[in-house]
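A.B. asks: Input structure: input.cif, which contains mmCIF, C-alpha atoms.
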```
data_entry
loop_
_atom_site.label_atom_id
_atom_site.label_comp_id
_atom_site.auth_asym_id
_atom_site.auth_seq_id
_atom_site.Cartn_x
_atom_site.Cartn_y
_atom_site.Cartn_z
CA MET R 11 0.00 0.00 0.00
CA GLN R 12 1.04 3.59 -0.59
CA VAL R 13 0.52 6.44 1.84
CA TRP R 14 0.87 10.19 1.63
CA TYR R 15 3.53 11.61 3.95
CA ALA R 16 2.59 15.17 4.91
CA SER R 17 5.65 17.34 5.54
CA TYR R 18 5.42 20.77 7.16
CA GLY R 19 9.06 21.74 7.84
CA SER R 20 12.26 21.38 5.85
CA ASN R 21 10.80 18.45 3.90
CA LEU R 22 8.56 20.93 2.10
CA ALA R 23 11.61 21.32 -0.17
CA ARG R 24 11.73 18.34 -2.51
CA ASP R 25 15.53 18.13 -2.78
CA ARG R 26 15.80 18.04 1.00
CA PHE R 27 13.14 15.32 1.28
CA LEU R 28 14.85 13.20 -1.37
CA CYS R 29 17.87 12.88 0.96
CA TYR R 30 15.67 10.63 3.09
CA LEU R 31 15.00 8.37 0.10
CA GLU R 32 18.17 8.58 -1.99
CA GLY R 33 20.63 9.46 0.78
CA GLY R 34 22.82 12.54 0.96
CA ARG R 35 23.37 15.75 2.91
CA PRO R 36 20.97 18.69 2.47
CA ALA R 37 22.45 22.12 1.88
CA GLY R 38 23.05 23.82 5.21
CA ALA R 39 22.82 20.61 7.29
CA THR R 40 25.58 18.86 9.20
CA ARG R 41 24.21 15.34 8.76
CA THR R 42 24.39 12.88 5.86
CA TYR R 43 21.38 10.57 5.55
CA PRO R 44 21.71 6.91 4.54
CA GLY R 45 18.50 6.93 2.49
CA ALA R 46 15.65 4.45 2.34
CA ARG R 47 15.69 0.78 1.36
CA ASN R 48 13.65 1.79 -1.67
CA THR R 49 15.28 4.86 -3.21
CA SER R 50 12.55 5.48 -5.81
CA PRO R 51 11.19 9.04 -5.89
CA PRO R 52 7.66 9.76 -4.66
CA THR R 53 4.95 8.72 -7.10
CA ALA R 54 3.32 12.14 -6.70
CA ASP R 55 3.32 15.17 -4.45
CA ARG R 56 0.60 17.64 -3.58
CA ALA R 57 0.18 20.91 -1.71
CA MET R 58 -2.21 20.72 1.21
CA THR R 59 -3.18 22.55 4.39
CA LEU R 60 -3.41 20.74 7.72
CA PRO R 61 -5.63 21.79 10.60
CA GLY R 62 -3.42 22.70 13.54
CA GLU R 63 -0.24 24.66 14.09
CA MET R 64 3.39 24.30 13.06
CA PHE R 65 5.86 25.62 15.63
CA PHE R 66 9.63 25.77 16.13
CA ALA R 67 11.19 23.99 19.09
CA TRP R 68 14.06 21.87 20.43
CA GLU R 69 17.74 22.33 19.48
CA SER R 70 18.62 20.41 16.35
CA PRO R 71 22.11 18.89 16.08
CA THR R 72 21.60 18.76 12.31
CA TRP R 73 20.63 22.39 11.76
CA GLY R 74 21.33 24.23 15.00
CA GLY R 75 18.38 26.07 16.51
CA GLY R 76 14.75 25.02 16.50
CA ILE R 77 13.04 22.85 13.92
CA ALA R 78 9.42 22.37 12.90
CA PHE R 79 6.88 20.36 14.87
CA TYR R 80 3.13 20.02 14.47
CA ASP R 81 0.40 20.49 17.08
CA SER R 82 -2.76 18.87 15.72
CA GLY R 83 -4.80 20.12 18.67
CA ALA R 84 -4.01 23.80 18.22
CA THR R 85 -6.12 26.22 16.26
CA GLY R 86 -4.81 27.53 12.97
CA ALA R 87 -3.59 26.11 9.68
CA THR R 88 -0.31 24.52 8.66
CA LEU R 89 0.98 24.64 5.09
CA ALA R 90 2.17 21.20 4.06
CA ARG R 91 3.34 19.08 1.14
CA ALA R 92 2.20 15.50 0.78
CA TYR R 93 4.44 12.94 -0.93
CA LEU R 94 3.01 9.63 -2.15
CA VAL R 95 5.41 6.92 -0.96
CA THR R 96 5.31 3.26 0.00
CA GLU R 97 4.64 2.19 3.58
CA GLN R 98 8.25 1.00 3.75
CA GLN R 99 9.58 4.35 2.59
CA PHE R 100 7.42 6.14 5.16
CA ALA R 101 8.86 3.90 7.88
CA ASP R 102 12.41 4.61 6.71
CA VAL R 103 11.81 8.37 6.67
CA ALA R 104 10.39 8.20 10.20
CA ALA R 105 13.42 6.20 11.40
CA GLN R 106 15.89 8.70 9.97
CA GLU R 107 13.97 11.58 11.55
CA MET R 108 14.69 9.87 14.87
CA HIS R 109 18.39 9.41 13.99
CA ARG R 110 17.94 5.66 13.66
CA PRO R 111 19.06 3.53 10.71
CA PRO R 112 16.30 2.65 8.24
CA GLY R 113 15.25 -0.95 7.86
CA GLU R 114 12.34 -1.66 10.20
CA ASP R 115 8.74 -1.56 8.99
CA LEU R 116 6.02 0.21 10.96
CA ASP R 117 2.65 -1.26 11.87
CA LEU R 118 0.27 1.45 10.65
CA SER R 119 -2.93 -0.34 11.65
CA THR R 120 -3.40 1.64 14.87
CA VAL R 121 -2.93 5.09 13.36
CA LEU R 122 -5.18 4.18 10.42
CA SER R 123 -7.96 3.01 12.74
CA SER R 124 -7.54 5.50 15.62
CA SER R 125 -6.01 8.54 13.82
CA ARG R 126 -3.04 8.57 16.21
CA HIS R 127 -0.37 6.17 17.41
CA ASP R 128 2.38 7.16 19.84
CA LEU R 129 5.27 4.82 19.10
CA GLY R 130 7.50 6.20 21.85
CA PRO R 131 8.61 9.38 23.61
CA GLY R 132 10.89 10.63 20.83
CA ARG R 133 10.55 13.93 19.03
CA TYR R 134 8.85 12.48 15.94
CA GLU R 135 7.33 9.29 17.31
CA SER R 136 3.66 10.29 17.31
CA LEU R 137 1.98 9.24 14.06
CA HIS R 138 -1.11 11.16 12.98
CA LEU R 139 -3.70 10.48 10.30
CA VAL R 140 -4.47 13.96 8.97
CA GLY R 141 -6.65 13.27 5.95
CA GLU R 142 -7.05 11.37 2.71
CA LEU R 143 -6.05 12.09 -0.88
CA ASP R 144 -7.21 10.05 -3.85
CA GLY R 145 -8.34 7.27 -1.54
CA GLN R 146 -4.98 6.95 0.24
CA PRO R 147 -4.32 8.00 3.87
CA VAL R 148 -2.29 11.12 4.64
CA LEU R 149 0.09 10.57 7.57
CA THR R 150 2.53 12.76 9.41
CA PHE R 151 4.54 12.56 12.60
CA THR R 152 5.40 14.93 15.42
CA ALA R 153 6.18 14.95 19.14
CA PRO R 154 3.78 13.02 21.41
CA ASP R 155 3.31 16.07 23.66
CA PRO R 156 3.99 19.34 21.82
CA GLU R 157 3.48 21.36 25.00
CA VAL R 158 6.61 20.02 26.70
CA LEU R 159 8.97 21.01 23.87
CA GLN R 160 10.89 24.22 24.52
CA ARG R 161 10.13 26.72 21.77
CA ASN R 162 13.31 27.80 20.03
CA SER R 163 14.14 30.08 17.11
CA PRO R 164 15.42 28.22 14.03
CA ALA R 165 18.78 28.83 12.42
CA GLN R 166 19.01 30.64 9.10
CA PRO R 167 19.98 27.59 6.97
CA TYR R 168 16.89 25.75 8.19
CA LEU R 169 14.62 28.71 7.46
CA GLU R 170 16.06 28.98 3.97
CA VAL R 171 15.10 25.37 3.20
CA VAL R 172 11.59 25.81 4.63
CA ALA R 173 11.14 29.01 2.65
CA ARG R 174 12.14 27.29 -0.59
CA GLY R 175 9.71 24.50 0.14
CA LEU R 176 6.84 26.91 0.76
CA HIS R 177 7.62 28.66 -2.51
CA GLU R 178 7.87 25.39 -4.46
CA THR R 179 4.72 23.89 -3.03
CA HIS R 180 2.34 26.76 -2.36
CA GLU R 181 3.80 29.29 -4.83
CA LEU R 182 4.05 31.97 -2.14
CA GLY R 183 6.13 35.10 -2.54
CA ALA R 184 8.80 36.29 -0.13
CA GLU R 185 6.47 38.62 1.79
CA GLU R 186 3.85 35.90 2.31
CA ILE R 187 6.47 33.38 3.42
CA ALA R 188 8.09 35.82 5.83
CA ALA R 189 4.71 36.60 7.39
CA TYR R 190 3.81 32.92 7.72
CA LEU R 191 7.12 31.97 9.33
CA ALA R 192 7.17 34.95 11.69
CA ASP R 193 3.73 33.96 12.94
CA ARG R 194 4.83 30.45 13.97
CA PRO R 195 5.33 29.96 17.73
CA GLY R 196 9.03 29.78 18.50
CA ALA R 197 10.11 31.96 15.58
CA GLY R 198 10.69 34.90 17.89
CA PRO R 199 12.52 36.57 19.38
CA GLY R 200 15.12 35.64 16.81
CA TRP R 201 12.94 36.22 13.79
CA ASP R 202 10.25 38.74 12.93
CA VAL R 203 8.98 39.77 9.50
CA GLU R 204 11.68 42.43 9.08
CA ALA R 205 14.48 39.98 9.89
CA LEU R 206 12.97 37.21 7.78
CA ARG R 207 12.31 39.24 4.65
CA PRO R 208 15.92 39.37 3.32
CA VAL R 209 16.62 35.77 4.32
CA VAL R 210 13.54 34.50 2.51
CA THR R 211 14.14 36.70 -0.54
CA ALA R 212 17.70 35.40 -0.91
CA ALA R 213 16.55 31.78 -0.54
CA LEU R 214 14.00 31.91 -3.36
CA PRO R 215 14.95 31.20 -6.98
#
```
Spell out the structure here as structure tokens.
C.D. replies:
Amino acid sequence: MQVWYASYGSNLARDRFLCYLEGGRPAGATRTYPGARNTSPPTADRAMTLPGEMFFAWESPTWGGGIAFYDSGATGATLARAYLVTEQQFADVAAQEMHRPPGEDLDLSTVLSSSRHDLGPGRYESLHLVGELDGQPVLTFTAPDPEVLQRNSPAQPYLEVVARGLHETHELGAEEIAAYLADRPGAGPGWDVEALRPVVTAALP
């Protein structure tokens, strides 16, 4: 079976997401990814909007600064990009997000029947069913308890990748992207619209 993986952070940028499938190091990151067992590209990808809120938190050893998480229980809307991948590829992406080697399949039966499955306490170990596209489930993952994560401003290289992904997927301009990112919890005090505007503008093609 195939599933849609809904990304809302750096994986909005296709070239960054492909590092999880093909292997490699994203621009601006300090980590090289091994890639998935199946390195085939996504069958399709689609722009979508998730109910809930994206926020910046934690301190990423890969990027420095905060990274994106998703709070499905919060009010608001989160801009996302869904990639159509195999169940095995989804499992391998989830493993690499948790800094584990790919190679172990996930049992998706619980999340598909109950809309949520907390696999463990890790940062991206809560699976969520967030919709359906073309008859296939749309899944994402985030922290089991978003409230306990310390909000933290992201580093510039991470923001540049997210900005590119928002432009690619949702065809937003620099001003719209800067406003969206500045409004995410955790963006400040490091980033407001004025600080983000030149960073986003430089990141776009």
A.B. asks: So for region 184-199 of chain R, what box centre and size do we get, axis-aligned, 4 Å extra on each of the six sides, every listed atom, Å to one decimal, as AutoDock Vina command-line options?
C.D. replies:
```
--center_x 8.1 --center_y 34.2 --center_z 9.6 --size_x 16.8 --size_y 16.8 --size_z 27.5
```
A.B. asks: Please measure the separation of CA of Thr49 (chain R) and CA of Arg24 (chain R), giving the value in Å to one decimal.
C.D. replies: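 Between these atoms lies a distance of 14.0 Å.
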A.B. asks: Using the chain letters and residue numbers of this document, give as a list in words the residues selected by the PyMOL selection byres ((chain R and resi 147) around 9).
C.D. replies: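 Expected selection for the PyMOL selection byres ((chain R and resi 147) around 9) here is Gln12, Val13, Trp14, Tyr15, Leu122, Leu139, Val140, Gly141, Glu142, Leu143, Asp144, Gly145, Gln146, Val148 and Leu149 of chain R.
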A.B. asks: List as a list in words the protein and nucleic acid residues near Ala188 (chain R), meaning an atom at most 9 Å away when all atoms listed in the file are counted, but skip any in the same chain fewer than 3 places from it.
C.D. replies: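 Once the adjacent positions are removed, what remains is Ala173, Gly183, Ala184, Glu185, Leu191, Ala192, Asp193, Asp202, Val203, Glu204, Ala205, Leu206, Arg207, Pro208, Val209, Val210 and Thr211 of chain R.
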A.B. asks: Please write as number ranges by chain the full residue list that the PyMOL selection byres ((chain R and resi 42) around 12) yields on this file.
C.D. replies: R: 26, 28-41, 43-45, 72-73, 106-107, 109, 111
A.B. asks: Identify which of the residues R:Pro52, R:Gly175, R:Gly132, R:Gly86 lies closest to Pro154 (chain R), counting all atoms listed in the file when measuring atom-to-atom distances.
C.D. replies: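 Ranking R:Pro52, R:Gly175, R:Gly132, R:Gly86 by distance to Pro154 (chain R), first place goes to R:Gly132.
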A.B. asks: Using only C-alpha atoms, pick whichever of R:Leu22, R:Leu60, R:Ala78, R:Met11 has the shortest atom-to-atom distance to His138 (chain R).
C.D. replies: R:Leu60
A.B. asks: I'd like to see the residues matched by the PyMOL selection byres ((chain R and resi 126) around 8) on this file, and ideally I'd get them as a VMD selection string.
C.D. replies: chain R and resid 120 to 122 124 to 125 127 to 128 136 to 139
A.B. asks: Between R:Asp25, R:Met108, R:Arg161, R:Ala101, which has the minimum distance to Ala197 (chain R) (counting all atoms listed in the file)?
C.D. replies: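 Closest to Ala197 (chain R) of all the choices is R:Arg161.
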A.B. asks: Quick one: everything within 7 Å of Trp68 (chain R), counting all atoms listed in the file, minus sequence neighbours fewer than 6 positions away in the same chain. Send it as an NGL selection string.
C.D. replies: :R and (76-77 or 159-162)
A.B. asks: Considering all atoms listed in the file, can you say which of R:Ser50, R:Thr152, R:Asn21, R:Gln98 comes closest to Gly62 (chain R)?
C.D. replies: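 Once distances to Gly62 (chain R) are computed over all atoms listed in the file, the minimum belongs to R:Thr152.
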A.B. asks: Do you have the CA of Glu157 (chain R)-CA of Tyr134 (chain R) distance handy?
C.D. replies: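 Value for the CA of Glu157 (chain R)-CA of Tyr134 (chain R) distance: 13.8 Å.
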A.B. asks: Compare R:Arg47, R:His177, R:Arg110, R:Arg56 by their minimum atom-to-atom distance to Leu214 (chain R), counting only C-alpha atoms, and give me the closest one.
C.D. replies: R:His177
A.B. asks: For CA of Ala57 (chain R) and CA of Ser17 (chain R), determine how far apart the two atoms are, in Å to one decimal place.
C.D. replies: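 If I compute the distance from CA of Ala57 (chain R) to CA of Ser17 (chain R), I get 9.8 Å.
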A.B. asks: Report as a list in words all protein, DNA and RNA residues lying within 6 Å of Gly74 (chain R), evaluated on all atoms listed in the file, omitting residues in the same chain fewer than 2 positions from it.
C.D. replies: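 Near Gly74 (chain R), the qualifying residues are Ser70, Pro71 and Ala165 of chain R.
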A.B. asks: When distances are computed from all atoms listed in the file, which of R:Glu178, R:Glu97, R:Glu63, R:Glu186 shows the smallest separation from Asp117 (chain R)?
C.D. replies: R:Glu97
A.B. asks: If you count all atoms listed in the file, which residues fall within 8 Å of Leu176 (chain R), apart from same-chain ones fewer than 2 positions away, as a list in words?
C.D. replies: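 My list of contacting residues is Leu22, Ala23, Leu89, Val172, Ala173, Arg174, Glu178, Thr179, His180, Glu181, Leu182 and Ile187 of chain R.
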